[in-house]
file upload.pdb (PDB, C-alpha atoms)
MODEL        1
ATOM      1  CA  MET N   1      -1.410  17.784   0.354
ATOM      2  CA  LYS N   2       0.346  16.745   3.529
ATOM      3  CA  ILE N   3       1.380  13.130   2.990
ATOM      4  CA  GLY N   4       3.081  10.876   5.531
ATOM      5  CA  ILE N   5       4.751   7.769   4.113
ATOM      6  CA  ILE N   6       5.405   4.885   6.476
ATOM      7  CA  ALA N   7       8.515   2.916   5.450
ATOM      8  CA  ALA N   8       9.589   5.572   2.961
ATOM      9  CA  SER N   9      13.055   4.025   2.914
ATOM     10  CA  GLY N  10      11.745   0.774   1.432
ATOM     11  CA  LYS N  11      11.497   0.087  -2.292
ATOM     12  CA  ALA N  12       7.824   0.885  -2.784
ATOM     13  CA  GLY N  13       7.700   3.615  -0.156
ATOM     14  CA  HIS N  14      10.700   5.384  -1.653
ATOM     15  CA  MET N  15       9.203   5.376  -5.146
ATOM     16  CA  ILE N  16       5.913   6.762  -3.828
ATOM     17  CA  MET N  17       7.777   9.424  -1.856
ATOM     18  CA  GLU N  18       9.747  10.498  -4.934
ATOM     19  CA  GLU N  19       6.586  10.682  -7.050
ATOM     20  CA  ALA N  20       4.738  12.728  -4.416
ATOM     21  CA  LEU N  21       7.705  15.099  -4.050
ATOM     22  CA  ARG N  22       7.960  15.493  -7.824
ATOM     23  CA  ARG N  23       4.361  16.699  -7.844
ATOM     24  CA  GLY N  24       4.983  19.253  -5.133
ATOM     25  CA  HIS N  25       3.264  17.621  -2.163
ATOM     26  CA  ASP N  26       4.323  18.253   1.439
ATOM     27  CA  VAL N  27       5.869  14.880   2.261
ATOM     28  CA  THR N  28       7.087  13.425   5.553
ATOM     29  CA  ALA N  29       9.054  10.178   5.614
ATOM     30  CA  ILE N  30       8.027   8.056   8.598
ATOM     31  CA  VAL N  31      10.991   5.763   9.199
ATOM     32  CA  ARG N  32      13.067   4.124  11.899
ATOM     33  CA  HIS N  33      16.382   5.036  10.273
ATOM     34  CA  PRO N  34      16.452   8.617   8.922
ATOM     35  CA  SER N  35      19.964   8.065   7.525
ATOM     36  CA  LYS N  36      18.381   5.989   4.740
ATOM     37  CA  ILE N  37      16.493   9.043   3.461
ATOM     38  CA  ASN N  38      18.763  11.080   1.213
ATOM     39  CA  GLU N  39      16.205  13.513  -0.194
ATOM     40  CA  ASP N  40      15.598  16.919   1.329
ATOM     41  CA  VAL N  41      12.403  15.818   3.024
ATOM     42  CA  LYS N  42      10.935  16.037   6.505
ATOM     43  CA  VAL N  43      11.393  12.934   8.621
ATOM     44  CA  LEU N  44       9.442  11.509  11.539
ATOM     45  CA  LYS N  45      11.708   8.976  13.251
ATOM     46  CA  LYS N  46       9.399   6.383  14.711
ATOM     47  CA  ASN N  47       8.491   2.707  14.581
ATOM     48  CA  LEU N  48       5.095   2.078  12.990
ATOM     49  CA  PHE N  49       3.837   0.342  16.126
ATOM     50  CA  ASP N  50       4.777   3.359  18.263
ATOM     51  CA  LEU N  51       2.858   5.844  16.123
ATOM     52  CA  THR N  52       0.022   7.670  17.867
ATOM     53  CA  ARG N  53      -3.072   9.526  16.735
ATOM     54  CA  GLN N  54      -1.270  12.767  17.540
ATOM     55  CA  ASP N  55       1.589  11.813  15.217
ATOM     56  CA  LEU N  56      -0.692  11.303  12.217
ATOM     57  CA  GLN N  57      -3.855  13.330  12.690
ATOM     58  CA  ASP N  58      -2.604  16.424  10.845
ATOM     59  CA  PHE N  59      -1.799  14.583   7.610
ATOM     60  CA  ASP N  60      -4.255  14.580   4.744
ATOM     61  CA  VAL N  61      -3.000  11.153   3.687
ATOM     62  CA  VAL N  62      -0.910   8.407   5.274
ATOM     63  CA  VAL N  63       0.631   5.802   2.974
ATOM     64  CA  ASP N  64       1.393   2.445   4.569
ATOM     65  CA  ALA N  65       4.287   0.845   2.670
ATOM     66  CA  PHE N  66       5.372  -1.337   5.599
ATOM     67  CA  LYS N  67       6.907  -4.716   4.804
ATOM     68  CA  ALA N  68       7.046  -7.295   7.585
ATOM     69  CA  PRO N  69      10.315  -9.217   8.007
ATOM     70  CA  ALA N  70      10.468 -12.884   7.047
ATOM     71  CA  GLY N  71       9.164 -15.007   9.900
ATOM     72  CA  GLU N  72       7.170 -12.072  11.304
ATOM     73  CA  GLU N  73       4.460 -11.950   8.658
ATOM     74  CA  ILE N  74       1.767 -11.554  11.307
ATOM     75  CA  LYS N  75       2.911  -7.929  11.533
ATOM     76  CA  PHE N  76       1.132  -7.293   8.234
ATOM     77  CA  LEU N  77      -2.062  -7.872  10.231
ATOM     78  CA  THR N  78      -1.118  -6.264  13.539
ATOM     79  CA  SER N  79       0.304  -3.150  11.863
ATOM     80  CA  THR N  80      -2.958  -2.643   9.988
ATOM     81  CA  GLU N  81      -4.923  -3.118  13.194
ATOM     82  CA  HIS N  82      -2.750  -0.496  14.890
ATOM     83  CA  LEU N  83      -3.202   2.049  12.108
ATOM     84  CA  VAL N  84      -6.958   1.470  12.091
ATOM     85  CA  GLU N  85      -7.076   2.048  15.837
ATOM     86  CA  ILE N  86      -5.232   5.373  15.752
ATOM     87  CA  LEU N  87      -6.754   6.736  12.538
ATOM     88  CA  THR N  88     -10.411   5.827  13.039
ATOM     89  CA  GLY N  89     -12.453   8.951  13.598
ATOM     90  CA  THR N  90      -9.850  11.266  12.033
ATOM     91  CA  THR N  91     -10.015  12.897   8.607
ATOM     92  CA  VAL N  92      -6.801  11.150   7.497
ATOM     93  CA  ARG N  93      -7.073   8.959   4.401
ATOM     94  CA  LEU N  94      -5.079   5.720   4.616
ATOM     95  CA  PHE N  95      -3.549   4.286   1.435
ATOM     96  CA  VAL N  96      -2.046   0.808   1.690
ATOM     97  CA  VAL N  97       0.546  -0.806  -0.550
ATOM     98  CA  GLY N  98      -1.143  -4.190  -0.834
ATOM     99  CA  GLY N  99      -0.126  -7.539  -2.230
ATOM    100  CA  ALA N 100      -1.129  -9.361  -5.390
ATOM    101  CA  GLY N 101      -2.018 -12.493  -3.449
ATOM    102  CA  SER N 102      -5.192 -10.813  -2.163
ATOM    103  CA  LEU N 103      -6.615 -10.436  -5.669
ATOM    104  CA  TYR N 104      -9.447 -12.734  -6.723
ATOM    105  CA  VAL N 105      -9.093 -15.081  -9.678
ATOM    106  CA  ASP N 106     -12.845 -15.806  -9.868
ATOM    107  CA  ASP N 107     -16.128 -14.405  -8.605
ATOM    108  CA  HIS N 108     -15.026 -13.474  -5.082
ATOM    109  CA  ILE N 109     -14.329 -17.062  -4.070
ATOM    110  CA  THR N 110     -10.645 -17.806  -4.598
ATOM    111  CA  HIS N 111      -7.746 -15.475  -3.881
ATOM    112  CA  LEU N 112      -4.593 -15.770  -5.940
ATOM    113  CA  TYR N 113      -2.666 -17.104  -2.937
ATOM    114  CA  GLU N 114      -5.209 -19.938  -2.607
ATOM    115  CA  THR N 115      -4.630 -21.231  -6.127
ATOM    116  CA  PRO N 116      -2.613 -24.374  -6.925
ATOM    117  CA  GLY N 117       0.972 -23.543  -7.739
ATOM    118  CA  PHE N 118       1.121 -20.332  -5.747
ATOM    119  CA  PRO N 119       4.657 -20.247  -4.255
ATOM    120  CA  GLU N 120       4.668 -21.602  -0.711
ATOM    121  CA  ALA N 121       7.338 -19.088   0.297
ATOM    122  CA  PHE N 122       4.928 -16.204  -0.357
ATOM    123  CA  LYS N 123       1.864 -17.689   1.347
ATOM    124  CA  PRO N 124       2.554 -16.395   4.893
ATOM    125  CA  THR N 125       2.923 -12.845   3.583
ATOM    126  CA  SER N 126      -0.115 -13.080   1.299
ATOM    127  CA  THR N 127      -2.268 -14.651   3.989
ATOM    128  CA  MET N 128      -1.487 -11.997   6.576
ATOM    129  CA  MET N 129      -1.810  -9.158   4.082
ATOM    130  CA  GLY N 130      -5.184 -10.600   3.157
ATOM    131  CA  ARG N 131      -6.259 -10.612   6.791
ATOM    132  CA  GLY N 132      -5.144  -7.015   7.083
ATOM    133  CA  LEU N 133      -7.318  -6.157   4.101
ATOM    134  CA  GLU N 134     -10.274  -7.843   5.794
ATOM    135  CA  VAL N 135      -9.749  -5.575   8.803
ATOM    136  CA  LEU N 136      -9.996  -2.533   6.528
ATOM    137  CA  GLU N 137     -13.072  -3.860   4.762
ATOM    138  CA  ASN N 138     -14.878  -3.964   8.097
ATOM    139  CA  GLN N 139     -14.284  -0.271   8.790
ATOM    140  CA  ASP N 140     -16.950   2.368   8.240
ATOM    141  CA  GLN N 141     -15.328   5.182  10.242
ATOM    142  CA  LEU N 142     -12.042   5.252   8.334
ATOM    143  CA  ASN N 143     -11.271   6.359   4.788
ATOM    144  CA  TRP N 144      -8.930   3.822   3.175
ATOM    145  CA  THR N 145      -7.806   2.607  -0.235
ATOM    146  CA  TYR N 146      -5.879  -0.643  -0.725
ATOM    147  CA  ILE N 147      -3.927  -0.967  -3.965
ATOM    148  CA  SER N 148      -2.552  -4.353  -5.047
ATOM    149  CA  PRO N 149       0.211  -4.488  -7.655
ATOM    150  CA  ALA N 150       0.379  -7.079 -10.404
ATOM    151  CA  PRO N 151       1.933 -10.425  -9.353
ATOM    152  CA  ASN N 152       5.101  -9.548 -11.273
ATOM    153  CA  PHE N 153       5.992  -6.431  -9.281
ATOM    154  CA  LYS N 154       9.233  -5.209 -10.846
ATOM    155  CA  PRO N 155      11.616  -3.196  -8.617
ATOM    156  CA  THR N 156      13.870  -2.201 -11.517
ATOM    157  CA  GLY N 157      11.242  -1.999 -14.238
ATOM    158  CA  ASP N 158      10.965   1.050 -16.458
ATOM    159  CA  LYS N 159       8.623   3.941 -15.769
ATOM    160  CA  LYS N 160       6.366   3.715 -18.804
ATOM    161  CA  GLY N 161       4.055   6.464 -17.637
ATOM    162  CA  HIS N 162       0.881   4.465 -18.138
ATOM    163  CA  TYR N 163      -1.058   1.762 -16.288
ATOM    164  CA  THR N 164      -4.451   0.089 -16.096
ATOM    165  CA  LEU N 165      -6.452   0.448 -12.907
ATOM    166  CA  GLY N 166      -8.839  -2.331 -11.979
ATOM    167  CA  ASN N 167     -10.900  -3.665  -9.116
ATOM    168  CA  GLU N 168      -9.983  -6.573  -6.834
ATOM    169  CA  MET N 169      -9.857  -9.095  -9.690
ATOM    170  CA  LEU N 170      -6.551 -10.326 -11.095
ATOM    171  CA  MET N 171      -5.862  -8.723 -14.487
ATOM    172  CA  THR N 172      -3.667 -10.206 -17.223
ATOM    173  CA  ASP N 173      -2.833  -9.192 -20.774
ATOM    174  CA  SER N 174      -3.474 -11.207 -23.939
ATOM    175  CA  GLU N 175      -0.351 -13.251 -23.253
ATOM    176  CA  GLY N 176      -1.345 -14.029 -19.685
ATOM    177  CA  LYS N 177       1.167 -11.613 -18.183
ATOM    178  CA  SER N 178       0.405  -9.463 -15.164
ATOM    179  CA  GLU N 179       3.141  -6.907 -14.534
ATOM    180  CA  ILE N 180       3.810  -3.436 -13.162
ATOM    181  CA  SER N 181       6.982  -1.618 -12.158
ATOM    182  CA  TYR N 182       7.431   0.005  -8.774
ATOM    183  CA  ALA N 183       7.763   3.331 -10.601
ATOM    184  CA  ASP N 184       4.419   3.073 -12.404
ATOM    185  CA  TYR N 185       2.753   1.661  -9.294
ATOM    186  CA  ALA N 186       3.888   4.845  -7.523
ATOM    187  CA  VAL N 187       2.325   6.936 -10.281
ATOM    188  CA  ALA N 188      -0.973   5.081  -9.825
ATOM    189  CA  MET N 189      -0.829   5.471  -6.046
ATOM    190  CA  VAL N 190      -0.243   9.226  -6.160
ATOM    191  CA  ASP N 191      -2.899   9.623  -8.858
ATOM    192  CA  GLU N 192      -5.405   7.958  -6.531
ATOM    193  CA  ILE N 193      -4.286  10.108  -3.625
ATOM    194  CA  GLU N 194      -4.882  13.230  -5.710
ATOM    195  CA  ASN N 195      -8.138  12.123  -7.322
ATOM    196  CA  ASN N 196      -9.689  10.389  -4.308
ATOM    197  CA  ASN N 197     -12.140   8.454  -6.473
ATOM    198  CA  HIS N 198     -12.054   5.080  -4.710
ATOM    199  CA  ASN N 199     -12.726   5.393  -1.015
ATOM    200  CA  ARG N 200     -12.965   2.097   0.889
ATOM    201  CA  GLU N 201     -12.069   0.063  -2.179
ATOM    202  CA  HIS N 202      -9.554  -2.627  -3.058
ATOM    203  CA  LEU N 203      -7.914  -1.755  -6.365
ATOM    204  CA  SER N 204      -5.331  -3.394  -8.617
ATOM    205  CA  VAL N 205      -2.868  -1.881 -11.057
ATOM    206  CA  VAL N 206      -1.080  -3.436 -14.032
ATOM    207  CA  TRP N 207       0.545  -2.294 -17.287
TER     208      TRP N 207
ENDMDL
END
call {"tool": "encode", "arguments": {"input": "upload.pdb", "output": "structure tokens"}}
result
Amino acid sequence: MKIGIIAASGKAGHMIMEEALRRGHDVTAIVRHPSKINEDVKVLKKNLFDLTRQDLQDFDVVVDAFKAPAGEEIKFLTSTEHLVEILTGTTVRLFVVGGAGSLYVDDHITHLYETPGFPEAFKPTSTMMGRGLEVLENQDQLNWTYISPAPNFKPTGDKKGHYTLGNEMLMTDSEGKSEISYADYAVAMVDEIENNNHNREHLSVVW
């Protein structure tokens, strides 16, 4: 498939790019700084907010791995709104690297970021990512899948080669842990891209 990866130079985006390349997909890194992409891969040098329908309409899939800078967390919302605007009505499938804070801890009442003890430093990001998810959930003319990692999202964790896929509820193991590495998250993301079994759904992935 033709896959465009926004922010392919970031931690999650880079792992997803490597996994998609390993499987033989036609990958384009959509980045502001091409010098950060070392792999032999096509590059579209452009800011997310400057992307147009013409830039993206020929991809089968666009992965949004954008991470808003500290103090500019509202861009998690406005970037999603922009992508919805330019992709609605196309055949492109949008896959979003979500956040754990958007997961529910009960029967669709309380998000993880609304629970007591949730780190204050992460609330602006989780809140705005949650609002971005709400924008997607209101779309019926766009194919999207939003995948939240476990709360303990490990940049340097091992690639175990297995994971558990769930819905929008927080999952923990028998010891109360909820973990996934970036590498295994990337495996889950590319699996979903290939299988296309969860259109317009919010998913979660843990070990």
call {"tool": "resolve_selection", "arguments": {"input": "upload.pdb", "expression": "the PyMOL selection byres ((chain N and resi 23) around 12)", "output": "list in words"}}
result
Met1, Ile3, Ile16, Met17, Glu18, Glu19, Ala20, Leu21, Arg22, Gly24, His25, Asp26, Val27, Ala186, Val187, Val190, Asp191, Ile193 and Glu194 of chain N
call {"tool": "atom_distance", "arguments": {"input": "upload.pdb", "atom1": "atom CA of Val43 of chain N", "atom2": "atom CA of Ile30 of chain N"}}
result
5.9 Å
call {"tool": "closest_residue", "arguments": {"input": "upload.pdb", "among": "N:Pro116, N:Gly98, N:Pro149, N:Pro69", "to": "Gly132 of chain N", "atoms": "only C-alpha atoms"}}
result
N:Gly98
call {"tool": "resolve_selection", "arguments": {"input": "upload.pdb", "expression": "the PyMOL selection byres ((chain N and resi 42) around 8)", "output": "count of residues only"}}
result
7
call {"tool": "atom_distance", "arguments": {"input": "upload.pdb", "atom1": "atom CA of Ile37 of chain N", "atom2": "atom CA of Leu51 of chain N"}}
result
18.9 Å
call {"tool": "atom_distance", "arguments": {"input": "upload.pdb", "atom1": "atom CA of Asn138 of chain N", "atom2": "atom CA of Thr164 of chain N"}}
result
26.7 Å
call {"tool": "resolve_selection", "arguments": {"input": "upload.pdb", "expression": "the PyMOL selection byres ((chain N and resi 70) around 10)", "output": "list of chain:residue names"}}
result
N:Lys67, N:Ala68, N:Pro69, N:Gly71, N:Glu72, N:Glu73, N:Ile74, N:Ala121, N:Phe122, N:Pro124, N:Thr125
call {"tool": "residues_near_point", "arguments": {"input": "upload.pdb", "point": "(1.8, -11.5, -10.5)", "cutoff": "9 Å", "atoms": "all atoms listed in the file", "output": "compact mmCIF listing (two decimals) with C-alpha atoms, in the frame of the given file"}}
result
# COMPACT_ATOMS: atom_id res chain seq x y z
CA ALA N 100 -1.13 -9.36 -5.39
CA GLY N 101 -2.02 -12.49 -3.45
CA LEU N 112 -4.59 -15.77 -5.94
CA PRO N 149 0.21 -4.49 -7.66
CA ALA N 150 0.38 -7.08 -10.40
CA PRO N 151 1.93 -10.42 -9.35
CA ASN N 152 5.10 -9.55 -11.27
CA PHE N 153 5.99 -6.43 -9.28
CA LEU N 170 -6.55 -10.33 -11.10
CA THR N 172 -3.67 -10.21 -17.22
CA LYS N 177 1.17 -11.61 -18.18
CA SER N 178 0.40 -9.46 -15.16
CA GLU N 179 3.14 -6.91 -14.53
CA ILE N 180 3.81 -3.44 -13.16
call {"tool": "closest_residue", "arguments": {"input": "upload.pdb", "among": "N:Lys11, N:Arg32, N:His108, N:Lys2", "to": "Pro155 of chain N", "atoms": "all atoms listed in the file"}}
result
N:Lys11
call {"tool": "residues_near_point", "arguments": {"input": "upload.pdb", "point": "(-7.7, 6.2, 16.1)", "cutoff": "10 Å", "atoms": "all atoms listed in the file", "output": "VMD selection string"}}
result
chain N and resid 52 to 54 56 to 57 82 to 90 92 141 to 142
